[in-house]
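Note: the block below is model02.txt and it holds compact mmCIF, C-alpha atoms (C1' of nucleotides).
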```txt
# COMPACT_ATOMS: atom_id res chain seq x y z
CA MET S 1 96.35 98.56 19.14
CA PRO S 2 94.99 95.37 20.63
CA ILE S 3 95.98 92.66 18.19
CA ILE S 4 94.91 89.80 20.38
CA ASP S 5 91.88 90.32 22.52
CA CYS S 6 91.98 89.72 26.27
CA GLN S 7 95.65 88.78 26.13
CA THR S 8 96.72 91.72 28.28
CA GLU S 9 95.14 90.25 31.38
CA LYS S 10 97.16 87.06 30.98
CA LEU S 11 100.31 89.05 30.30
CA ILE S 12 99.91 91.01 33.52
CA LEU S 13 99.20 87.92 35.58
CA ASP S 14 102.15 85.99 34.15
CA THR S 15 104.43 88.95 34.73
CA ALA S 16 103.26 89.28 38.33
CA MET S 17 103.94 85.60 38.94
CA ARG S 18 107.41 85.92 37.47
CA VAL S 19 108.29 89.11 39.34
CA PHE S 20 106.97 88.01 42.72
CA PHE S 21 107.65 84.28 42.83
CA ALA S 22 110.46 83.68 40.34
CA GLU S 23 112.55 86.84 40.73
CA GLY S 24 111.66 87.42 44.37
CA ARG S 25 110.97 91.13 44.04
CA ILE S 26 108.74 90.85 47.02
CA ASN S 27 108.07 94.57 47.37
CA ALA S 28 107.52 95.23 43.68
CA THR S 29 104.99 97.99 43.03
CA THR S 30 102.20 97.90 40.49
CA GLN S 31 104.34 100.28 38.46
CA ASP S 32 107.17 97.73 38.46
CA ILE S 33 104.82 95.01 37.25
CA ALA S 34 103.39 97.24 34.55
CA ASP S 35 106.82 98.35 33.34
CA THR S 36 108.11 94.78 33.22
CA ALA S 37 105.03 93.70 31.31
CA GLY S 38 105.26 96.75 29.06
CA VAL S 39 101.73 97.93 29.72
CA ASN S 40 100.15 100.96 31.33
CA ARG S 41 99.83 100.77 35.07
CA THR S 42 96.13 101.56 35.15
CA LEU S 43 95.40 98.37 33.27
CA ILE S 44 96.24 96.44 36.41
CA ASN S 45 93.37 98.13 38.17
CA TYR S 46 91.17 97.70 35.13
CA TYR S 47 91.65 93.93 35.05
CA PHE S 48 92.27 93.08 38.69
CA ARG S 49 90.61 95.93 40.62
CA SER S 50 93.48 96.28 43.10
CA LYS S 51 97.02 95.19 43.79
CA LYS S 52 95.79 92.94 46.56
CA ALA S 53 93.41 91.18 44.19
CA LEU S 54 96.20 90.73 41.66
CA ILE S 55 98.40 89.10 44.27
CA ALA S 56 95.59 86.83 45.44
CA THR S 57 94.97 85.71 41.86
CA ALA S 58 98.66 85.15 41.22
CA VAL S 59 99.12 83.08 44.38
CA LYS S 60 96.05 81.03 43.61
CA LYS S 61 97.13 80.27 40.07
CA THR S 62 100.68 79.38 41.07
CA GLN S 63 99.51 77.09 43.83
CA LYS S 64 97.21 75.41 41.34
CA GLU S 65 100.21 74.81 39.07
CA PHE S 66 102.06 73.37 42.04
CA MET S 67 99.27 70.99 42.95
CA ARG S 68 98.38 69.84 39.45
CA ASN S 69 100.66 66.83 39.60
CA SER S 70 101.27 66.49 43.32
CA ASP S 71 97.65 65.73 44.11
CA LEU S 72 97.67 62.93 41.59
CA ILE S 73 100.90 61.58 43.01
CA LEU S 74 99.67 61.61 46.61
CA SER S 75 96.36 60.04 45.66
CA SER S 76 97.94 57.23 43.67
CA ALA S 77 98.19 53.66 44.83
CA LEU S 78 101.99 53.54 44.75
CA PRO S 79 103.97 52.37 47.80
CA LEU S 80 104.84 55.14 50.24
CA ARG S 81 108.50 55.24 49.35
CA VAL S 82 107.95 55.58 45.61
CA LYS S 83 105.12 58.02 46.13
CA THR S 84 107.27 60.19 48.35
CA GLU S 85 110.15 60.17 45.89
CA ASN S 86 107.83 61.25 43.08
CA PHE S 87 106.32 63.96 45.25
CA ILE S 88 109.72 65.35 46.20
CA ASP S 89 110.80 65.27 42.57
CA ASP S 90 107.74 67.20 41.49
CA PHE S 91 107.88 69.68 44.33
CA LEU S 92 111.55 70.50 43.83
CA LYS S 93 110.94 71.01 40.12
CA ASN S 94 108.13 73.47 40.81
CA GLN S 95 110.22 75.18 43.45
CA TYR S 96 113.02 75.56 40.98
CA LYS S 97 110.61 77.50 38.78
CA TYR S 98 109.20 79.67 41.59
CA PRO S 99 111.89 79.72 44.31
CA PHE S 100 110.28 82.61 46.22
CA LEU S 101 106.69 81.40 46.33
CA GLU S 102 106.96 79.90 49.78
CA SER S 103 108.65 82.90 51.35
CA PHE S 104 106.18 85.23 49.68
CA ILE S 105 103.25 83.30 51.10
CA MET S 106 104.93 83.27 54.49
CA VAL S 107 105.27 87.05 54.53
CA GLU S 108 101.71 87.64 53.35
CA PHE S 109 100.47 85.14 55.91
CA THR S 110 102.44 86.81 58.67
CA ASN S 111 101.17 90.25 57.74
CA GLN S 112 97.56 89.25 57.29
CA ARG S 113 97.58 87.57 60.69
CA LEU S 114 97.87 91.02 62.27
CA LYS S 115 95.09 92.81 60.39
CA LYS S 116 91.81 93.37 62.16
CA ASN S 117 89.65 93.25 59.08
CA GLY S 118 90.52 89.63 58.39
CA SER S 119 90.50 89.80 54.61
CA THR S 120 91.83 86.29 54.41
CA VAL S 121 93.45 86.07 51.01
CA PHE S 122 94.95 82.81 52.15
CA SER S 123 92.73 80.24 53.71
CA ILE S 124 94.95 77.22 53.35
CA LYS S 125 93.30 74.09 54.60
CA GLN S 126 94.63 70.58 54.82
CA PRO S 127 94.15 69.11 51.36
CA ALA S 128 92.42 65.73 51.24
CA PRO S 129 95.41 63.96 49.59
CA ILE S 130 97.60 65.06 52.49
CA LYS S 131 95.21 63.45 54.95
CA LYS S 132 95.39 60.19 53.04
CA TYR S 133 99.17 60.49 52.87
CA LEU S 134 99.44 61.01 56.63
CA ALA S 135 97.43 57.87 57.23
CA GLU S 136 99.80 55.91 55.02
CA ILE S 137 102.81 57.25 56.90
CA LYS S 138 101.25 56.14 60.18
CA ASN S 139 100.64 52.72 58.71
CA GLU S 140 104.24 52.40 57.55
CA MET S 141 105.41 53.35 61.03
CA ASN S 142 103.20 50.74 62.64
CA GLU S 143 104.69 48.12 60.39
CA GLY S 144 108.14 49.15 61.56
CA ARG S 145 109.48 50.10 58.16
CA ILE S 146 110.31 53.65 59.24
CA PRO S 147 111.02 55.05 62.71
CA LYS S 148 107.87 55.61 64.75
CA TYR S 149 106.90 59.10 65.91
CA ASN S 150 104.09 61.58 65.33
CA PRO S 151 103.45 61.48 61.55
CA SER S 152 103.28 65.27 61.48
CA HIS S 153 107.04 65.27 62.04
CA PHE S 154 107.43 63.31 58.82
CA LEU S 155 105.64 66.02 56.86
CA ILE S 156 107.39 68.84 58.69
CA ASN S 157 110.79 67.25 58.12
CA MET S 158 110.10 66.76 54.43
CA PHE S 159 108.96 70.32 53.81
CA SER S 160 111.72 71.77 56.00
CA LEU S 161 114.41 69.91 54.09
CA MET S 162 112.96 70.86 50.70
CA ILE S 163 112.01 74.49 51.24
CA TYR S 164 114.50 76.00 53.67
CA PRO S 165 117.66 75.45 51.57
CA VAL S 166 116.00 77.30 48.69
CA ILE S 167 114.42 80.28 50.44
CA MET S 168 117.51 80.81 52.61
CA LYS S 169 119.97 80.26 49.79
CA PRO S 170 121.88 83.57 50.16
CA LEU S 171 122.30 83.09 53.90
CA GLN S 172 123.28 79.46 53.70
CA MET S 173 125.81 80.22 50.98
CA SER S 174 127.51 82.59 53.40
CA VAL S 175 127.30 80.26 56.38
CA CYS S 176 128.68 77.31 54.43
CA ASN S 177 131.13 79.52 52.57
CA LEU S 178 130.02 78.28 49.15
CA ASN S 179 129.80 80.09 45.82
CA GLU S 180 126.88 79.95 43.42
CA LYS S 181 128.09 76.90 41.55
CA GLU S 182 128.97 74.94 44.65
CA TYR S 183 125.63 75.66 46.28
CA GLN S 184 123.80 74.60 43.13
CA GLU S 185 125.57 71.26 43.31
CA ILE S 186 124.42 70.92 46.90
CA LEU S 187 120.83 71.61 45.85
CA ASN S 188 121.07 68.95 43.17
CA GLU S 189 121.99 66.41 45.83
CA ARG S 190 119.09 67.31 48.10
CA LYS S 191 116.60 64.72 46.86
CA GLN S 192 118.87 61.83 47.76
CA ILE S 193 119.76 63.36 51.13
CA ILE S 194 116.10 63.88 51.98
CA MET S 195 115.10 60.38 50.94
CA ASN S 196 117.81 58.90 53.14
CA ILE S 197 116.52 60.88 56.08
CA LEU S 198 112.84 60.06 55.59
CA PHE S 199 113.60 56.40 54.86
CA PRO S 200 116.73 55.52 56.83
CA PRO S 201 118.52 52.67 55.02
CA ALA S 202 119.56 50.87 58.18
CA VAL S 203 116.21 50.41 59.88
CA MET C 1 110.39 114.89 81.78
CA PRO C 2 113.43 112.71 81.35
CA ILE C 3 113.77 110.95 84.68
CA ILE C 4 116.47 108.57 83.51
CA ASP C 5 118.99 109.93 81.07
CA CYS C 6 119.66 108.16 77.77
CA GLN C 7 117.09 105.48 78.58
CA THR C 8 114.89 106.40 75.64
CA GLU C 9 117.36 105.08 73.12
CA LYS C 10 117.37 101.67 74.78
CA LEU C 11 113.57 101.71 75.01
CA ILE C 12 113.22 102.33 71.28
CA LEU C 13 115.73 99.66 70.38
CA ASP C 14 114.16 97.06 72.65
CA THR C 15 110.72 97.88 71.28
CA ALA C 16 111.95 97.54 67.71
CA MET C 17 113.46 94.16 68.48
CA ARG C 18 110.23 93.02 70.06
CA VAL C 19 107.98 94.33 67.28
CA PHE C 20 110.10 93.07 64.40
CA PHE C 21 111.54 89.80 65.66
CA ALA C 22 109.25 88.65 68.46
CA GLU C 23 105.85 89.78 67.18
CA GLY C 24 106.70 89.46 63.51
CA ARG C 25 105.22 92.80 62.47
CA ILE C 26 107.58 92.81 59.56
CA ASN C 27 106.13 95.90 57.87
CA ALA C 28 105.82 97.96 61.04
CA THR C 29 106.34 101.69 60.45
CA THR C 30 108.41 104.02 62.59
CA GLN C 31 105.08 105.34 63.85
CA ASP C 32 104.13 101.84 64.99
CA ILE C 33 107.40 101.44 66.85
CA ALA C 34 107.07 104.86 68.45
CA ASP C 35 103.46 104.24 69.52
CA THR C 36 104.33 100.85 70.98
CA ALA C 37 107.24 102.35 72.87
CA GLY C 38 105.14 105.32 73.94
CA VAL C 39 107.51 107.94 72.59
CA ASN C 40 107.40 110.57 69.89
CA ARG C 41 108.19 109.35 66.41
CA THR C 42 110.85 111.94 65.74
CA LEU C 43 112.96 110.51 68.54
CA ILE C 44 113.68 107.52 66.35
CA ASN C 45 115.38 109.80 63.86
CA TYR C 46 117.08 111.67 66.64
CA TYR C 47 118.70 108.55 68.08
CA PHE C 48 119.08 106.33 65.04
CA ARG C 49 119.16 108.78 62.08
CA SER C 50 116.85 106.65 59.93
CA LYS C 51 114.56 103.64 59.99
CA LYS C 52 117.13 101.65 58.07
CA ALA C 53 119.80 102.40 60.66
CA LEU C 54 117.43 101.40 63.44
CA ILE C 55 116.80 98.06 61.77
CA ALA C 56 120.50 97.47 61.21
CA THR C 57 121.21 98.17 64.87
CA ALA C 58 118.37 95.92 66.01
CA VAL C 59 119.49 93.02 63.81
CA LYS C 60 123.07 93.38 64.95
CA LYS C 61 122.17 93.41 68.63
CA THR C 62 119.81 90.44 68.32
CA GLN C 63 122.36 88.40 66.41
CA LYS C 64 124.88 89.21 69.08
CA GLU C 65 122.48 87.86 71.70
CA PHE C 66 122.07 84.74 69.58
CA MET C 67 125.78 84.14 69.26
CA ARG C 68 126.77 84.90 72.83
CA ASN C 69 126.53 81.27 73.91
CA SER C 70 126.59 79.45 70.61
CA ASP C 71 130.10 80.57 69.75
CA LEU C 72 131.34 79.24 73.05
CA ILE C 73 129.54 75.96 72.50
CA LEU C 74 130.92 75.46 69.01
CA SER C 75 134.43 76.35 70.06
CA SER C 76 134.43 74.00 73.03
CA ALA C 77 136.30 70.71 73.14
CA LEU C 78 133.18 68.59 73.65
CA PRO C 79 132.50 65.60 71.40
CA LEU C 80 130.51 66.45 68.25
CA ARG C 81 127.32 64.84 69.43
CA VAL C 82 127.19 66.63 72.77
CA LYS C 83 128.29 69.87 71.18
CA THR C 84 125.54 69.63 68.59
CA GLU C 85 122.91 68.88 71.19
CA ASN C 86 123.97 71.90 73.23
CA PHE C 87 123.98 74.08 70.14
CA ILE C 88 120.47 73.00 69.13
CA ASP C 89 119.25 73.55 72.67
CA ASP C 90 120.64 77.07 72.74
CA PHE C 91 119.46 77.95 69.25
CA LEU C 92 115.90 76.76 69.82
CA LYS C 93 115.75 78.72 73.06
CA ASN C 94 116.81 81.90 71.30
CA GLN C 95 114.44 81.21 68.46
CA TYR C 96 111.62 80.82 70.95
CA LYS C 97 112.35 84.37 72.07
CA TYR C 98 112.66 85.84 68.56
CA PRO C 99 110.70 83.49 66.28
CA PHE C 100 110.68 85.92 63.34
CA LEU C 101 114.34 86.94 63.30
CA GLU C 102 115.33 84.49 60.59
CA SER C 103 112.45 85.32 58.27
CA PHE C 104 113.02 89.04 58.82
CA ILE C 105 116.66 88.70 57.82
CA MET C 106 115.64 86.63 54.83
CA VAL C 107 113.27 89.32 53.57
CA GLU C 108 115.79 92.12 54.11
CA PHE C 109 118.44 90.04 52.42
CA THR C 110 116.15 89.32 49.48
CA ASN C 111 115.25 92.97 49.07
CA GLN C 112 118.76 94.31 49.45
CA ARG C 113 119.98 91.86 46.80
CA LEU C 114 118.05 93.85 44.19
CA LYS C 115 119.26 97.36 45.06
CA LYS C 116 121.88 98.94 42.90
CA ASN C 117 123.48 101.03 45.62
CA GLY C 118 124.60 98.00 47.58
CA SER C 119 124.13 99.42 51.05
CA THR C 120 124.86 96.07 52.58
CA VAL C 121 123.29 96.20 56.01
CA PHE C 122 123.91 92.48 56.21
CA SER C 123 127.32 91.18 55.37
CA ILE C 124 127.06 87.78 56.96
CA LYS C 125 130.27 85.85 56.68
CA GLN C 126 131.08 82.34 57.78
CA PRO C 127 131.95 82.62 61.46
CA ALA C 128 135.20 81.01 62.52
CA PRO C 129 133.49 78.58 64.97
CA ILE C 130 131.37 77.25 62.11
CA LYS C 131 134.49 76.50 60.10
CA LYS C 132 135.91 74.53 62.98
CA TYR C 133 132.60 72.76 63.45
CA LEU C 134 132.47 71.76 59.77
CA ALA C 135 135.93 70.23 60.05
CA GLU C 136 134.79 68.17 63.03
CA ILE C 137 131.76 66.93 61.11
CA LYS C 138 133.99 65.83 58.27
CA ASN C 139 136.21 64.04 60.70
CA GLU C 140 133.27 62.22 62.27
CA MET C 141 132.14 61.15 58.81
CA ASN C 142 135.57 59.80 57.95
CA GLU C 143 135.52 57.72 61.10
CA GLY C 144 132.22 56.24 59.97
CA ARG C 145 130.24 57.39 62.99
CA ILE C 146 127.72 59.31 60.90
CA PRO C 147 126.73 58.85 57.23
CA LYS C 148 129.24 60.31 54.82
CA TYR C 149 128.27 63.14 52.46
CA ASN C 150 129.19 66.76 51.89
CA PRO C 151 129.41 68.28 55.41
CA SER C 152 127.47 71.32 54.19
CA HIS C 153 124.39 69.08 54.06
CA PHE C 154 124.81 68.43 57.76
CA LEU C 155 124.62 72.16 58.50
CA ILE C 156 121.80 72.76 56.03
CA ASN C 157 119.79 69.88 57.44
CA MET C 158 120.27 71.11 60.98
CA PHE C 159 119.20 74.67 60.27
CA SER C 160 116.34 73.56 58.00
CA LEU C 161 114.92 71.31 60.69
CA MET C 162 115.26 73.96 63.41
CA ILE C 163 114.12 77.08 61.59
CA TYR C 164 111.48 76.08 59.06
CA PRO C 165 108.93 74.66 61.52
CA VAL C 166 109.00 77.94 63.45
CA ILE C 167 108.87 80.51 60.65
CA MET C 168 106.23 78.51 58.76
CA LYS C 169 104.21 77.69 61.85
CA PRO C 170 100.85 79.09 60.59
CA LEU C 171 101.13 77.24 57.28
CA GLN C 172 102.28 73.98 58.80
CA MET C 173 99.49 74.10 61.36
CA SER C 174 97.02 74.20 58.47
CA VAL C 175 98.78 71.52 56.43
CA CYS C 176 99.04 69.14 59.39
CA ASN C 177 95.59 70.15 60.66
CA LEU C 178 96.87 70.93 64.15
CA ASN C 179 95.74 73.56 66.62
CA GLU C 180 97.98 75.86 68.63
CA LYS C 181 98.42 73.47 71.54
CA GLU C 182 99.08 70.44 69.36
CA TYR C 183 101.65 72.27 67.25
CA GLN C 184 103.41 73.50 70.37
CA GLU C 185 103.77 69.91 71.51
CA ILE C 186 105.28 69.07 68.13
CA LEU C 187 107.79 71.90 68.51
CA ASN C 188 108.77 70.62 71.94
CA GLU C 189 109.65 67.27 70.39
CA ARG C 190 111.81 68.77 67.65
CA LYS C 191 115.18 68.53 69.43
CA GLN C 192 114.94 64.78 69.78
CA ILE C 193 113.70 64.36 66.21
CA ILE C 194 116.57 66.45 64.85
CA MET C 195 119.20 64.64 66.89
CA ASN C 196 117.97 61.28 65.61
CA ILE C 197 118.27 62.55 62.06
CA LEU C 198 121.73 64.06 62.42
CA PHE C 199 123.00 61.09 64.41
CA PRO C 200 121.09 58.03 63.17
CA PRO C 201 120.97 55.47 65.99
CA ALA C 202 121.37 52.45 63.74
CA VAL C 203 124.53 53.37 61.88
C1' DG T 1 90.53 98.59 26.04
C1' DT T 2 93.99 101.93 26.64
C1' DC T 3 95.65 106.24 27.75
C1' DT T 4 96.58 111.04 30.66
C1' DA T 5 95.84 113.53 34.59
C1' DT T 6 94.96 113.86 39.16
C1' DA T 7 93.33 112.76 43.68
C1' DG T 8 94.69 111.13 48.09
C1' DC T 9 97.15 109.06 51.63
C1' DG T 10 100.69 107.02 54.29
C1' DG T 11 105.34 107.03 55.53
C1' DG T 12 110.14 108.95 56.33
C1' DA T 13 112.73 112.75 57.46
C1' DT T 14 113.92 117.61 58.88
C1' DA T 15 113.45 122.49 60.83
C1' DG T 16 112.80 124.93 64.61
C1' DA T 17 110.47 126.10 69.08
C1' DC T 18 110.68 124.84 73.86
C1' DG B 1 116.02 115.72 74.70
C1' DT B 2 111.51 116.22 73.31
C1' DC B 3 107.88 118.24 70.99
C1' DT B 4 104.88 120.43 66.78
C1' DA B 5 104.59 121.54 62.23
C1' DT B 6 105.77 120.78 57.75
C1' DC B 7 107.87 118.98 53.65
C1' DC B 8 108.29 115.64 50.18
C1' DC B 9 108.13 111.47 48.00
C1' DG B 10 106.25 106.98 46.35
C1' DC B 11 102.45 104.40 45.75
C1' DT B 12 97.52 103.04 44.86
C1' DA B 13 93.44 104.06 42.79
C1' DT B 14 89.99 106.56 40.04
C1' DA B 15 87.92 109.95 36.72
C1' DG B 16 87.46 110.92 32.29
C1' DA B 17 89.13 111.62 27.39
C1' DC B 18 90.05 108.93 23.26
```
Let me see the structure of the file written as structure tokens.
Amino acid sequence: MPIIDCQTEKLILDTAMRVFFAEGRINATTQDIADTAGVNRTLINYYFRSKKALIATAVKKTQKEFMRNSDLILSSALPLRVKTENFIDDFLKNQYKYPFLESFIMVEFTNQRLKKNGSTVFSIKQPAPIKKYLAEIKNEMNEGRIPKYNPSHFLINMFSLMIYPVIMKPLQMSVCNLNEKEYQEILNERKQIIMNILFPPAV
Amino acid sequence: MPIIDCQTEKLILDTAMRVFFAEGRINATTQDIADTAGVNRTLINYYFRSKKALIATAVKKTQKEFMRNSDLILSSALPLRVKTENFIDDFLKNQYKYPFLESFIMVEFTNQRLKKNGSTVFSIKQPAPIKKYLAEIKNEMNEGRIPKYNPSHFLINMFSLMIYPVIMKPLQMSVCNLNEKEYQEILNERKQIIMNILFPPAV
DNA sequence: GTCTATAGCGGGATAGAC
DNA sequence: GTCTATCCCGCTATAGAC
């Protein structure tokens, strides 16, 4: 009995996003999604045609959520340091909501790379705000306010330091011999650590 | 016609390591492994009982290769800075050989986390040399030679900066708008970049 | 729009001949 | 040790009734 029309599609999509990107059930089947959502499995095919299409839609929508604020932040006229701090803040908050998004994309990317029939679900290009941001980094380096090297390293360092500790959480907990609570405290300190690396206080 | 006795087992194992960790075919089937090795698929079951057991063996052997030198380096009496540089050198060299090992372990770890029957293929514990290394980091911080914070951040930063740029290579190439050659040059510069972050020149 | 039933395949594992 | 043949299961997708 469909009380609210067209709501099932949204329910399935939201459930898929939660299962894949929030809970990290990376190999979840369509049956798993359907059960979690409390709907019949065939409805997934009815609304999204195939599992692959569902995943593509879910990734797209989640990335859109991610970029909603970050694009504005990167395009703003704020000084680089403030802009970067805001960006990191926003990114970490999104990542807290979907901790497995990055690793999921990585796996899909790695798999798709090997297929002959290049059904490129992911065609990530350099977003325009990133280009602008890179130019600003270069400028800041030229003015001697941050150490000078290839600006790509700045981006790579930033993403490395934000993403790796989250996607490798179970491993790093073991390596550092920390429990859940202790590691969470570490994660809470990350923003400050990262800022100090990207903008060394002494220079 | 078995010319060399017991060589098939090694061939299968080496092929699995190559396919999984070097080529990154993370979802490769036993048939894929067998075809690549040029042997019959049933031989995998004959020698390794199951696919899962094959993977466990492959991971174990590869990790052992990884740790062969690094344990010696970390346990040595060298000063922290030299020791760290040697460790990074060794780790990056291994990672160049098996670029997908870390992401493979991450995925397996993530999946296994959800199973009820906790057949823990991976039971990574904090190795003794790491414990010693952490103590040395703390000591160096107390002497004011590197910035003072929770020593776990030092480890997390180091591994983040080494591993992320490799496992996320395709994505980062897109984000930074770099081609294969350009990104390779970036990777070659990583050691110096990482050392400057872990041991800031100015402080 | 939602269900049941079923097709179809791809993958892992085993039995048994050689 | 190595092969062929076969079994069985889990998963995706579709046909068709309601």
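Residues surrounding Met106 (chain C) within 9 Å are S:Ser103, S:Ile167, S:Met168, S:Pro170, S:Leu171, C:Leu101, C:Glu102, C:Thr110, C:Asn111 [all atoms listed in the file; sequence separation below 4 positions excluded].
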Compile a residue-level contact table for chain T against region 2-18 of chain B at a cut-off of 8 Å, reporting for every qualifying residue the shortest atom pair and its distance in Å to one decimal, with all atoms listed in the file counted, rows ordered by chain and ascending number, as a Markdown table.
```
| residue | atom | partner | partner_atom | distance |
| --- | --- | --- | --- | --- |
| T:DC3 | C1' | B:DC18 | C1' | 7.7 |
| T:DA7 | C1' | B:DT14 | C1' | 7.9 |
| T:DC18 | C1' | B:DC3 | C1' | 7.7 |
```
Hey, can you spit out that residue selection with C-alpha atoms (C1' of nucleotides) as a PDB file, in the coordinates of the input?
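As written to disk, selection.pdb reads:
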```pdb
ATOM      1  C1'  DC T   3      95.650 106.240  27.750  1.00  0.00           C
ATOM      2  C1'  DA T   7      93.330 112.760  43.680  1.00  0.00           C
ATOM      3  C1'  DC T  18     110.680 124.840  73.860  1.00  0.00           C
TER       4       DC T  18
END
```
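Interatomic distance, CA of Arg68 (chain C) to CA of Thr36 (chain C): 27.6 Å.
In this model, the gap between CA of Glu182 (chain C) and CA of Met195 (chain C) comes to 21.1 Å.
Here CA of Gln126 (chain C) stands at a distance of 19.0 Å from CA of Glu185 (chain S).
Minimum atom-to-atom distances from C:Glu180, C:Asp32, C:Glu189, C:Glu85 to chain S were compared using all atoms listed in the file, and the lowest value belongs to C:Glu189.
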Practice prompt. Taking only C-alpha atoms (C1' of nucleotides) into account, report as a ChimeraX atom specification which residues of chain C lie within 8 Å of chain T.
Written response: /C:29,45,50-51
Worksheet item: Quick one: of C:Lys125, C:Lys132, C:Lys60, C:Arg25, who's nearest to Ser76 (chain C), counting all atoms listed in the file?
Response: C:Lys132
Worksheet item: Pro200 (chain C): which residues within 10 Å, counting only C-alpha atoms (C1' of nucleotides), same-chain residues fewer than 4 positions away excluded, as a ChimeraX atom specification?
Response: /S:197,200,202-203 /C:145-147,194-196
Discussion item. Residues near Lys138 (chain S), anyone? I mean within 12 Å using all atoms listed in the file, not counting same-chain ones fewer than 2 positions away, as a ChimeraX atom specification.
Written reply: /S:80,131-136,140-155
Discussion item. Using only C-alpha atoms (C1' of nucleotides) and a cut-off of 12 Å, which residues of chain S sit close to chain B? Please list them as a PyMOL selection string.
Written reply: chain S and resi 27-32+41-46+48-52
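Selecting chain S residues within 6 Å of chain C and counting all atoms listed in the file yields Lys125, Gln126, Ser160, Leu161, Tyr164, Ser174, Val175 and Asn177 of chain S.
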Missing atoms of region 48-60 of chain C rebuilt to N, CA and C atoms, written as a short mmCIF file (atom, residue, chain, number, x, y, z; two decimals), in the frame of the given file:
```cif
data_model
loop_
_atom_site.label_atom_id
_atom_site.label_comp_id
_atom_site.auth_asym_id
_atom_site.auth_seq_id
_atom_site.Cartn_x
_atom_site.Cartn_y
_atom_site.Cartn_z
N PHE C 48 118.57 107.35 65.98
CA PHE C 48 119.08 106.33 65.04
C PHE C 48 119.25 106.85 63.61
N ARG C 49 118.99 108.13 63.38
CA ARG C 49 119.16 108.78 62.08
C ARG C 49 118.08 108.38 61.07
N SER C 50 117.86 107.08 60.89
CA SER C 50 116.85 106.65 59.93
C SER C 50 116.27 105.30 60.34
N LYS C 51 115.18 104.94 59.71
CA LYS C 51 114.56 103.64 59.99
C LYS C 51 115.53 102.50 59.66
N LYS C 52 116.18 102.66 58.52
CA LYS C 52 117.13 101.65 58.07
C LYS C 52 118.23 101.41 59.11
N ALA C 53 118.74 102.52 59.66
CA ALA C 53 119.80 102.40 60.66
C ALA C 53 119.28 101.72 61.92
N LEU C 54 118.04 102.05 62.27
CA LEU C 54 117.43 101.40 63.44
C LEU C 54 117.36 99.89 63.24
N ILE C 55 116.90 99.49 62.06
CA ILE C 55 116.80 98.06 61.77
C ILE C 55 118.18 97.39 61.82
N ALA C 56 119.15 98.04 61.21
CA ALA C 56 120.50 97.47 61.21
C ALA C 56 121.01 97.27 62.63
N THR C 57 120.78 98.27 63.47
CA THR C 57 121.21 98.17 64.87
C THR C 57 120.48 97.04 65.59
N ALA C 58 119.17 96.95 65.34
CA ALA C 58 118.37 95.92 66.01
C ALA C 58 118.83 94.52 65.59
N VAL C 59 119.05 94.33 64.30
CA VAL C 59 119.49 93.02 63.81
C VAL C 59 120.83 92.66 64.44
N LYS C 60 121.73 93.62 64.42
CA LYS C 60 123.07 93.38 64.95
C LYS C 60 123.01 92.95 66.41
#
```
